[in-house]
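Visitor: So here's query.pdb, just PDB, N, CA and C atoms, pLDDT in the B column:
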```pdb
ATOM      1  N   MET N 279      83.739-206.125 125.414  1.00 80.00           N
ATOM      2  CA  MET N 279      83.832-207.263 126.304  1.00 80.00           C
ATOM      3  C   MET N 279      84.117-206.754 127.726  1.00 80.00           C
ATOM      4  N   TYR N 280      83.496-207.368 128.685  1.00 90.00           N
ATOM      5  CA  TYR N 280      83.663-206.969 130.082  1.00 90.00           C
ATOM      6  C   TYR N 280      84.792-207.764 130.745  1.00 90.00           C
ATOM      7  N   PRO N 281      85.390-207.229 131.789  1.00 93.00           N
ATOM      8  CA  PRO N 281      86.518-207.912 132.441  1.00 93.00           C
ATOM      9  C   PRO N 281      86.085-208.977 133.455  1.00 93.00           C
ATOM     10  N   PHE N 282      84.806-209.308 133.481  1.00 96.00           N
ATOM     11  CA  PHE N 282      84.335-210.339 134.417  1.00 96.00           C
ATOM     12  C   PHE N 282      83.592-211.429 133.645  1.00 96.00           C
ATOM     13  N   HIS N 283      83.471-212.579 134.288  1.00 95.00           N
ATOM     14  CA  HIS N 283      82.757-213.720 133.723  1.00 95.00           C
ATOM     15  C   HIS N 283      81.820-214.253 134.795  1.00 95.00           C
ATOM     16  N   TRP N 284      80.703-214.794 134.363  1.00 96.00           N
ATOM     17  CA  TRP N 284      79.748-215.392 135.304  1.00 96.00           C
ATOM     18  C   TRP N 284      80.130-216.839 135.553  1.00 96.00           C
ATOM     19  N   VAL N 285      79.916-217.270 136.787  1.00 97.00           N
ATOM     20  CA  VAL N 285      80.268-218.637 137.182  1.00 97.00           C
ATOM     21  C   VAL N 285      79.259-219.131 138.215  1.00 97.00           C
ATOM     22  N   PRO N 286      78.624-220.285 137.970  1.00 97.00           N
ATOM     23  CA  PRO N 286      77.749-220.840 138.997  1.00 97.00           C
ATOM     24  C   PRO N 286      78.591-221.443 140.124  1.00 97.00           C
ATOM     25  N   ALA N 287      78.223-221.105 141.340  1.00 98.00           N
ATOM     26  CA  ALA N 287      78.942-221.597 142.517  1.00 98.00           C
ATOM     27  C   ALA N 287      78.069-221.380 143.749  1.00 98.00           C
ATOM     28  N   ALA N 288      78.083-222.333 144.644  1.00 97.00           N
ATOM     29  CA  ALA N 288      77.382-222.203 145.926  1.00 97.00           C
ATOM     30  C   ALA N 288      75.902-221.856 145.757  1.00 97.00           C
ATOM     31  N   GLY N 289      75.266-222.413 144.744  1.00 97.00           N
ATOM     32  CA  GLY N 289      73.829-222.234 144.556  1.00 97.00           C
ATOM     33  C   GLY N 289      73.396-220.924 143.929  1.00 97.00           C
ATOM     34  N   ARG N 290      74.340-220.119 143.437  1.00 98.00           N
ATOM     35  CA  ARG N 290      74.043-218.837 142.785  1.00 98.00           C
ATOM     36  C   ARG N 290      74.982-218.664 141.590  1.00 98.00           C
ATOM     37  N   ARG N 291      74.628-217.733 140.707  1.00 97.00           N
ATOM     38  CA  ARG N 291      75.544-217.336 139.640  1.00 97.00           C
ATOM     39  C   ARG N 291      76.320-216.128 140.148  1.00 97.00           C
ATOM     40  N   HIS N 292      77.624-216.291 140.236  1.00 98.00           N
ATOM     41  CA  HIS N 292      78.514-215.240 140.714  1.00 98.00           C
ATOM     42  C   HIS N 292      79.315-214.696 139.536  1.00 98.00           C
ATOM     43  N   ALA N 293      80.002-213.602 139.748  1.00 98.00           N
ATOM     44  CA  ALA N 293      80.884-213.043 138.725  1.00 98.00           C
ATOM     45  C   ALA N 293      82.297-212.988 139.280  1.00 98.00           C
ATOM     46  N   SER N 294      83.257-213.162 138.383  1.00 97.00           N
ATOM     47  CA  SER N 294      84.660-213.175 138.773  1.00 97.00           C
ATOM     48  C   SER N 294      85.502-212.517 137.694  1.00 97.00           C
ATOM     49  N   THR N 295      86.590-211.887 138.110  1.00 97.00           N
ATOM     50  CA  THR N 295      87.552-211.340 137.161  1.00 97.00           C
ATOM     51  C   THR N 295      88.753-212.271 137.000  1.00 97.00           C
ATOM     52  N   ASP N 296      88.739-213.423 137.664  1.00 97.00           N
ATOM     53  CA  ASP N 296      89.821-214.392 137.508  1.00 97.00           C
ATOM     54  C   ASP N 296      89.891-214.865 136.062  1.00 97.00           C
ATOM     55  N   ARG N 297      91.102-215.119 135.591  1.00 94.00           N
ATOM     56  CA  ARG N 297      91.278-215.663 134.245  1.00 94.00           C
ATOM     57  C   ARG N 297      90.725-217.074 134.198  1.00 94.00           C
ATOM     58  N   ARG N 298      90.065-217.372 133.089  1.00 93.00           N
ATOM     59  CA  ARG N 298      89.624-218.751 132.869  1.00 93.00           C
ATOM     60  C   ARG N 298      90.794-219.518 132.262  1.00 93.00           C
ATOM     61  N   PRO N 299      90.786-220.839 132.425  1.00 91.00           N
ATOM     62  CA  PRO N 299      91.857-221.627 131.804  1.00 91.00           C
ATOM     63  C   PRO N 299      91.900-221.374 130.294  1.00 91.00           C
ATOM     64  N   GLU N 300      93.090-221.420 129.734  1.00 92.00           N
ATOM     65  CA  GLU N 300      93.289-221.177 128.301  1.00 92.00           C
ATOM     66  C   GLU N 300      92.317-222.002 127.460  1.00 92.00           C
ATOM     67  N   GLY N 301      91.561-221.318 126.612  1.00 92.00           N
ATOM     68  CA  GLY N 301      90.630-221.979 125.706  1.00 92.00           C
ATOM     69  C   GLY N 301      89.282-222.341 126.310  1.00 92.00           C
ATOM     70  N   ALA N 302      89.105-222.148 127.617  1.00 91.00           N
ATOM     71  CA  ALA N 302      87.845-222.510 128.280  1.00 91.00           C
ATOM     72  C   ALA N 302      86.832-221.380 128.147  1.00 91.00           C
ATOM     73  N   LEU N 303      85.591-221.742 127.855  1.00 90.00           N
ATOM     74  CA  LEU N 303      84.512-220.753 127.783  1.00 90.00           C
ATOM     75  C   LEU N 303      83.878-220.519 129.150  1.00 90.00           C
ATOM     76  N   ALA N 304      84.162-221.404 130.090  1.00 92.00           N
ATOM     77  CA  ALA N 304      83.631-221.292 131.448  1.00 92.00           C
ATOM     78  C   ALA N 304      84.673-221.868 132.408  1.00 92.00           C
ATOM     79  N   TYR N 305      84.547-221.514 133.679  1.00 95.00           N
ATOM     80  CA  TYR N 305      85.427-222.096 134.683  1.00 95.00           C
ATOM     81  C   TYR N 305      85.012-223.554 134.883  1.00 95.00           C
ATOM     82  N   PRO N 306      85.911-224.502 134.732  1.00 95.00           N
ATOM     83  CA  PRO N 306      85.542-225.908 134.920  1.00 95.00           C
ATOM     84  C   PRO N 306      85.084-226.173 136.358  1.00 95.00           C
ATOM     85  N   THR N 307      84.185-227.119 136.513  1.00 96.00           N
ATOM     86  CA  THR N 307      83.710-227.502 137.838  1.00 96.00           C
ATOM     87  C   THR N 307      84.902-227.806 138.740  1.00 96.00           C
ATOM     88  N   GLY N 308      84.837-227.264 139.942  1.00 96.00           N
ATOM     89  CA  GLY N 308      85.896-227.464 140.925  1.00 96.00           C
ATOM     90  C   GLY N 308      86.947-226.375 140.928  1.00 96.00           C
ATOM     91  N   THR N 309      86.952-225.516 139.907  1.00 96.00           N
ATOM     92  CA  THR N 309      87.915-224.419 139.848  1.00 96.00           C
ATOM     93  C   THR N 309      87.611-223.412 140.953  1.00 96.00           C
ATOM     94  N   SER N 310      88.614-223.039 141.708  1.00 97.00           N
ATOM     95  CA  SER N 310      88.450-222.031 142.755  1.00 97.00           C
ATOM     96  C   SER N 310      88.478-220.649 142.107  1.00 97.00           C
ATOM     97  N   VAL N 311      87.470-219.836 142.414  1.00 97.00           N
ATOM     98  CA  VAL N 311      87.385-218.487 141.849  1.00 97.00           C
ATOM     99  C   VAL N 311      87.155-217.461 142.953  1.00 97.00           C
ATOM    100  N   SER N 312      87.744-216.294 142.766  1.00 98.00           N
ATOM    101  CA  SER N 312      87.466-215.141 143.625  1.00 98.00           C
ATOM    102  C   SER N 312      86.322-214.391 142.965  1.00 98.00           C
ATOM    103  N   THR N 313      85.285-214.109 143.710  1.00 98.00           N
ATOM    104  CA  THR N 313      84.094-213.494 143.133  1.00 98.00           C
ATOM    105  C   THR N 313      84.018-212.005 143.442  1.00 98.00           C
ATOM    106  N   LEU N 314      83.167-211.316 142.700  1.00 98.00           N
ATOM    107  CA  LEU N 314      82.982-209.881 142.927  1.00 98.00           C
ATOM    108  C   LEU N 314      82.335-209.592 144.276  1.00 98.00           C
ATOM    109  N   CYS N 315      81.725-210.605 144.898  1.00 98.00           N
ATOM    110  CA  CYS N 315      81.152-210.433 146.244  1.00 98.00           C
ATOM    111  C   CYS N 315      82.174-210.806 147.327  1.00 98.00           C
ATOM    112  N   ARG N 316      83.439-210.909 146.904  1.00 98.00           N
ATOM    113  CA  ARG N 316      84.577-211.119 147.808  1.00 98.00           C
ATOM    114  C   ARG N 316      84.568-212.475 148.515  1.00 98.00           C
ATOM    115  N   GLN N 317      84.162-213.500 147.790  1.00 98.00           N
ATOM    116  CA  GLN N 317      84.222-214.864 148.316  1.00 98.00           C
ATOM    117  C   GLN N 317      85.145-215.703 147.442  1.00 98.00           C
ATOM    118  N   GLU N 318      85.714-216.744 148.019  1.00 98.00           N
ATOM    119  CA  GLU N 318      86.456-217.763 147.273  1.00 98.00           C
ATOM    120  C   GLU N 318      85.516-218.951 147.164  1.00 98.00           C
ATOM    121  N   LEU N 319      85.082-219.259 145.947  1.00 98.00           N
ATOM    122  CA  LEU N 319      84.108-220.323 145.741  1.00 98.00           C
ATOM    123  C   LEU N 319      84.611-221.305 144.708  1.00 98.00           C
ATOM    124  N   SER N 320      84.011-222.483 144.716  1.00 98.00           N
ATOM    125  CA  SER N 320      84.346-223.526 143.770  1.00 98.00           C
ATOM    126  C   SER N 320      83.284-223.559 142.674  1.00 98.00           C
ATOM    127  N   ALA N 321      83.713-223.429 141.413  1.00 97.00           N
ATOM    128  CA  ALA N 321      82.778-223.441 140.288  1.00 97.00           C
ATOM    129  C   ALA N 321      81.986-224.744 140.265  1.00 97.00           C
ATOM    130  N   ASP N 322      80.716-224.625 139.953  1.00 96.00           N
ATOM    131  CA  ASP N 322      79.811-225.770 139.869  1.00 96.00           C
ATOM    132  C   ASP N 322      79.134-225.688 138.500  1.00 96.00           C
ATOM    133  N   ASN N 323      79.902-225.971 137.472  1.00 89.00           N
ATOM    134  CA  ASN N 323      79.498-225.707 136.101  1.00 89.00           C
ATOM    135  C   ASN N 323      78.747-226.884 135.477  1.00 89.00           C
ATOM    136  N   TRP N 324      77.570-227.134 135.973  1.00 89.00           N
ATOM    137  CA  TRP N 324      76.732-228.156 135.335  1.00 89.00           C
ATOM    138  C   TRP N 324      75.552-227.454 134.694  1.00 89.00           C
ATOM    139  N   GLU N 325      74.926-228.092 133.762  1.00 88.00           N
ATOM    140  CA  GLU N 325      73.926-227.470 132.885  1.00 88.00           C
ATOM    141  C   GLU N 325      72.864-226.658 133.617  1.00 88.00           C
ATOM    142  N   LEU N 326      72.245-227.204 134.639  1.00 94.00           N
ATOM    143  CA  LEU N 326      71.154-226.504 135.322  1.00 94.00           C
ATOM    144  C   LEU N 326      71.630-225.386 136.246  1.00 94.00           C
ATOM    145  N   ALA N 327      72.903-225.389 136.585  1.00 94.00           N
ATOM    146  CA  ALA N 327      73.427-224.334 137.462  1.00 94.00           C
ATOM    147  C   ALA N 327      73.310-222.961 136.809  1.00 94.00           C
ATOM    148  N   TRP N 328      73.304-222.923 135.486  1.00 91.00           N
ATOM    149  CA  TRP N 328      73.190-221.634 134.804  1.00 91.00           C
ATOM    150  C   TRP N 328      71.799-221.031 134.963  1.00 91.00           C
ATOM    151  N   LEU N 329      70.858-221.789 135.491  1.00 95.00           N
ATOM    152  CA  LEU N 329      69.509-221.277 135.747  1.00 95.00           C
ATOM    153  C   LEU N 329      69.366-220.701 137.158  1.00 95.00           C
ATOM    154  N   TRP N 330      70.389-220.857 137.986  1.00 97.00           N
ATOM    155  CA  TRP N 330      70.338-220.316 139.342  1.00 97.00           C
ATOM    156  C   TRP N 330      70.235-218.791 139.287  1.00 97.00           C
ATOM    157  N   SER N 331      69.697-218.219 140.345  1.00 97.00           N
ATOM    158  CA  SER N 331      69.617-216.759 140.459  1.00 97.00           C
ATOM    159  C   SER N 331      71.010-216.178 140.636  1.00 97.00           C
ATOM    160  N   ALA N 332      71.170-214.952 140.187  1.00 98.00           N
ATOM    161  CA  ALA N 332      72.450-214.265 140.351  1.00 98.00           C
ATOM    162  C   ALA N 332      72.628-213.808 141.791  1.00 98.00           C
ATOM    163  N   CYS N 333      73.851-213.831 142.240  1.00 98.00           N
ATOM    164  CA  CYS N 333      74.215-213.262 143.536  1.00 98.00           C
ATOM    165  C   CYS N 333      73.973-211.753 143.443  1.00 98.00           C
ATOM    166  N   GLY N 334      73.229-211.204 144.360  1.00 98.00           N
ATOM    167  CA  GLY N 334      72.906-209.778 144.331  1.00 98.00           C
ATOM    168  C   GLY N 334      74.133-208.880 144.397  1.00 98.00           C
ATOM    169  N   ASP N 335      75.105-209.237 145.237  1.00 98.00           N
ATOM    170  CA  ASP N 335      76.308-208.417 145.368  1.00 98.00           C
ATOM    171  C   ASP N 335      77.151-208.467 144.093  1.00 98.00           C
ATOM    172  N   CYS N 336      77.283-209.662 143.501  1.00 98.00           N
ATOM    173  CA  CYS N 336      78.032-209.780 142.232  1.00 98.00           C
ATOM    174  C   CYS N 336      77.318-209.015 141.128  1.00 98.00           C
ATOM    175  N   ASP N 337      76.002-209.123 141.077  1.00 98.00           N
ATOM    176  CA  ASP N 337      75.226-208.432 140.048  1.00 98.00           C
ATOM    177  C   ASP N 337      75.400-206.914 140.170  1.00 98.00           C
ATOM    178  N   SER N 338      75.326-206.400 141.378  1.00 98.00           N
ATOM    179  CA  SER N 338      75.507-204.952 141.594  1.00 98.00           C
ATOM    180  C   SER N 338      76.899-204.502 141.178  1.00 98.00           C
ATOM    181  N   GLU N 339      77.910-205.265 141.558  1.00 98.00           N
ATOM    182  CA  GLU N 339      79.288-204.895 141.213  1.00 98.00           C
ATOM    183  C   GLU N 339      79.524-205.022 139.704  1.00 98.00           C
ATOM    184  N   ALA N 340      78.961-206.037 139.067  1.00 97.00           N
ATOM    185  CA  ALA N 340      79.091-206.193 137.615  1.00 97.00           C
ATOM    186  C   ALA N 340      78.447-205.014 136.894  1.00 97.00           C
ATOM    187  N   HIS N 341      77.291-204.570 137.370  1.00 97.00           N
ATOM    188  CA  HIS N 341      76.636-203.404 136.765  1.00 97.00           C
ATOM    189  C   HIS N 341      77.471-202.136 136.972  1.00 97.00           C
ATOM    190  N   ARG N 342      78.077-201.990 138.133  1.00 97.00           N
ATOM    191  CA  ARG N 342      78.934-200.824 138.397  1.00 97.00           C
ATOM    192  C   ARG N 342      80.118-200.816 137.428  1.00 97.00           C
ATOM    193  N   ILE N 343      80.755-201.963 137.260  1.00 96.00           N
ATOM    194  CA  ILE N 343      81.897-202.073 136.343  1.00 96.00           C
ATOM    195  C   ILE N 343      81.462-201.723 134.925  1.00 96.00           C
ATOM    196  N   ALA N 344      80.332-202.261 134.497  1.00 95.00           N
ATOM    197  CA  ALA N 344      79.834-201.998 133.143  1.00 95.00           C
ATOM    198  C   ALA N 344      79.543-200.508 132.951  1.00 95.00           C
ATOM    199  N   ARG N 345      78.916-199.870 133.946  1.00 95.00           N
ATOM    200  CA  ARG N 345      78.634-198.429 133.854  1.00 95.00           C
ATOM    201  C   ARG N 345      79.925-197.620 133.760  1.00 95.00           C
ATOM    202  N   ASP N 346      80.918-197.985 134.588  1.00 94.00           N
ATOM    203  CA  ASP N 346      82.194-197.272 134.568  1.00 94.00           C
ATOM    204  C   ASP N 346      82.883-197.407 133.209  1.00 94.00           C
ATOM    205  N   LEU N 347      82.854-198.599 132.638  1.00 92.00           N
ATOM    206  CA  LEU N 347      83.466-198.812 131.325  1.00 92.00           C
ATOM    207  C   LEU N 347      82.747-198.007 130.254  1.00 92.00           C
ATOM    208  N   LEU N 348      81.430-197.961 130.314  1.00 89.00           N
ATOM    209  CA  LEU N 348      80.650-197.201 129.349  1.00 89.00           C
ATOM    210  C   LEU N 348      80.950-195.701 129.478  1.00 89.00           C
ATOM    211  N   ALA N 349      81.031-195.220 130.716  1.00 88.00           N
ATOM    212  CA  ALA N 349      81.328-193.804 130.939  1.00 88.00           C
ATOM    213  C   ALA N 349      82.728-193.462 130.416  1.00 88.00           C
ATOM    214  N   THR N 350      83.692-194.329 130.632  1.00 83.00           N
ATOM    215  CA  THR N 350      85.047-194.113 130.144  1.00 83.00           C
ATOM    216  C   THR N 350      85.077-194.097 128.624  1.00 83.00           C
ATOM    217  N   ALA N 351      84.373-195.036 128.002  1.00 77.00           N
ATOM    218  CA  ALA N 351      84.321-195.099 126.535  1.00 77.00           C
ATOM    219  C   ALA N 351      83.634-193.852 125.970  1.00 77.00           C
ATOM    220  N   THR N 352      82.593-193.390 126.629  1.00 76.00           N
ATOM    221  CA  THR N 352      81.878-192.195 126.183  1.00 76.00           C
ATOM    222  C   THR N 352      82.774-190.972 126.282  1.00 76.00           C
ATOM    223  N   GLU N 353      83.532-190.872 127.356  1.00 74.00           N
ATOM    224  CA  GLU N 353      84.452-189.730 127.545  1.00 74.00           C
ATOM    225  C   GLU N 353      85.521-189.700 126.460  1.00 74.00           C
ATOM    226  N   ARG N 354      85.984-190.879 126.045  1.00 72.00           N
ATOM    227  CA  ARG N 354      87.026-190.928 125.003  1.00 72.00           C
ATOM    228  C   ARG N 354      86.523-190.442 123.656  1.00 72.00           C
ATOM    229  N   THR N 355      85.227-190.544 123.412  1.00 73.00           N
ATOM    230  CA  THR N 355      84.678-190.166 122.106  1.00 73.00           C
ATOM    231  C   THR N 355      84.316-188.690 122.037  1.00 73.00           C
ATOM    232  N   LYS N 356      84.413-188.002 123.150  1.00 66.00           N
ATOM    233  CA  LYS N 356      84.065-186.568 123.163  1.00 66.00           C
ATOM    234  C   LYS N 356      85.207-185.730 122.629  1.00 66.00           C
TER     235      LYS N 356
END
```
Kindly return the structure encoded in the file as structure tokens.
Guide:
Amino acid sequence: MYPFHWVPAAGRRHASTDRRPEGALAYPTGTSVSTLCRQELSADNWELAWLWSACGDCDSEAHRIARDLLATATERTK
């Protein structure tokens, strides 16, 4: 599992490491989130928002985090 979650906000899908509310699978609409692209945005969690394009900066940072986690896990198995 990765330490970030995707959240639609401001017309794009962003990623955030903020904790989601207890038991929530997504950030509820209106929830303020800090994103990997260093913005404070309000979640816009409606059905079609999940079809929005990903924020390029969040996507790049999410991939970097995933690569780092994979490299760390690989090092532990050596």
Visitor: Name the residues in contact with Trp284 in chain N at a cut-off of 6.5 Å, using all atoms listed in the file, excluding same-chain residues fewer than 3 positions from it; report them as a PyMOL selection string.
Guide: chain N and resi 291-294
Visitor: Select from chain N everything DSSP, run on the backbone, classes as strand (DSSP E or B), then give the selection as a ChimeraX atom specification.
Guide: /N:283-287,290-294,310-312,318-320,332
Visitor: Report, in Å with one decimal, the straight-line distance from CA of Pro281 in chain N to CA of Trp328 in chain N.
Guide: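 Between these atoms lies a distance of 19.3 Å.
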Visitor: As a compact mmCIF listing (two decimals) with N, CA and C atoms, keeping the file's coordinate frame, please: every residue in chain N that DSSP puts in helix (DSSP H, G or I).
Guide:
```
# COMPACT_ATOMS: atom_id res chain seq x y z
N GLU N 325 74.93 -228.09 133.76
CA GLU N 325 73.93 -227.47 132.88
C GLU N 325 72.86 -226.66 133.62
N LEU N 326 72.24 -227.20 134.64
CA LEU N 326 71.15 -226.50 135.32
C LEU N 326 71.63 -225.39 136.25
N ALA N 327 72.90 -225.39 136.58
CA ALA N 327 73.43 -224.33 137.46
C ALA N 327 73.31 -222.96 136.81
N TRP N 328 73.30 -222.92 135.49
CA TRP N 328 73.19 -221.63 134.80
C TRP N 328 71.80 -221.03 134.96
N LEU N 329 70.86 -221.79 135.49
CA LEU N 329 69.51 -221.28 135.75
C LEU N 329 69.37 -220.70 137.16
N GLY N 334 73.23 -211.20 144.36
CA GLY N 334 72.91 -209.78 144.33
C GLY N 334 74.13 -208.88 144.40
N ASP N 335 75.10 -209.24 145.24
CA ASP N 335 76.31 -208.42 145.37
C ASP N 335 77.15 -208.47 144.09
N CYS N 336 77.28 -209.66 143.50
CA CYS N 336 78.03 -209.78 142.23
C CYS N 336 77.32 -209.02 141.13
N ASP N 337 76.00 -209.12 141.08
CA ASP N 337 75.23 -208.43 140.05
C ASP N 337 75.40 -206.91 140.17
N SER N 338 75.33 -206.40 141.38
CA SER N 338 75.51 -204.95 141.59
C SER N 338 76.90 -204.50 141.18
N GLU N 339 77.91 -205.26 141.56
CA GLU N 339 79.29 -204.90 141.21
C GLU N 339 79.52 -205.02 139.70
N ALA N 340 78.96 -206.04 139.07
CA ALA N 340 79.09 -206.19 137.62
C ALA N 340 78.45 -205.01 136.89
N HIS N 341 77.29 -204.57 137.37
CA HIS N 341 76.64 -203.40 136.76
C HIS N 341 77.47 -202.14 136.97
N ARG N 342 78.08 -201.99 138.13
CA ARG N 342 78.93 -200.82 138.40
C ARG N 342 80.12 -200.82 137.43
N ILE N 343 80.76 -201.96 137.26
CA ILE N 343 81.90 -202.07 136.34
C ILE N 343 81.46 -201.72 134.93
N ALA N 344 80.33 -202.26 134.50
CA ALA N 344 79.83 -202.00 133.14
C ALA N 344 79.54 -200.51 132.95
N ARG N 345 78.92 -199.87 133.95
CA ARG N 345 78.63 -198.43 133.85
C ARG N 345 79.92 -197.62 133.76
N ASP N 346 80.92 -197.98 134.59
CA ASP N 346 82.19 -197.27 134.57
C ASP N 346 82.88 -197.41 133.21
N LEU N 347 82.85 -198.60 132.64
CA LEU N 347 83.47 -198.81 131.32
C LEU N 347 82.75 -198.01 130.25
N LEU N 348 81.43 -197.96 130.31
CA LEU N 348 80.65 -197.20 129.35
C LEU N 348 80.95 -195.70 129.48
N ALA N 349 81.03 -195.22 130.72
CA ALA N 349 81.33 -193.80 130.94
C ALA N 349 82.73 -193.46 130.42
N THR N 350 83.69 -194.33 130.63
CA THR N 350 85.05 -194.11 130.14
C THR N 350 85.08 -194.10 128.62
N ALA N 351 84.37 -195.04 128.00
CA ALA N 351 84.32 -195.10 126.54
C ALA N 351 83.63 -193.85 125.97
N THR N 352 82.59 -193.39 126.63
CA THR N 352 81.88 -192.20 126.18
C THR N 352 82.77 -190.97 126.28
N GLU N 353 83.53 -190.87 127.36
CA GLU N 353 84.45 -189.73 127.54
C GLU N 353 85.52 -189.70 126.46
N ARG N 354 85.98 -190.88 126.04
CA ARG N 354 87.03 -190.93 125.00
C ARG N 354 86.52 -190.44 123.66
```
Visitor: Excluding range 329-339 of chain N and residues on its chain fewer than 5 positions from it, collect all residues at most 8 Å away from it, counting all atoms listed in the file, and give them as a list in words.
Guide: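 Once the adjacent positions are removed, what remains is Pro286, Gly289, Arg290, Arg291, His292, Ala293, Ser294, Thr313, Leu314, Cys315, Arg316, Trp324, Ala344 and Arg345 of chain N.
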Visitor: Convert the output of the PyMOL selection byres ((chain N and resi 308) around 6) on the shown file into explicit residues, formatted as a PyMOL selection string.
Guide: chain N and resi 306-307+309-310+320-323
Visitor: What's the separation between atom N of Ile343 in chain N and atom C of Glu325 in chain N, in Å to one decimal place?
Guide: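 Those two atoms sit 26.2 Å apart.
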Visitor: Of the candidates N:Val311, N:Leu319, N:Val285, N:Met279, which shows the shortest atom-to-atom distance to Leu348 in chain N, using only C-alpha atoms?
Guide: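 Of N:Val311, N:Leu319, N:Val285, N:Met279, the one nearest Leu348 in chain N, counting only C-alpha atoms, is N:Met279.
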Visitor: For CA of Leu326 in chain N and atom C of Tyr280 in chain N, determine how far apart the two atoms are, in Å to one decimal place.
Guide: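 Rounded to one decimal, the two atoms are 23.6 Å apart.
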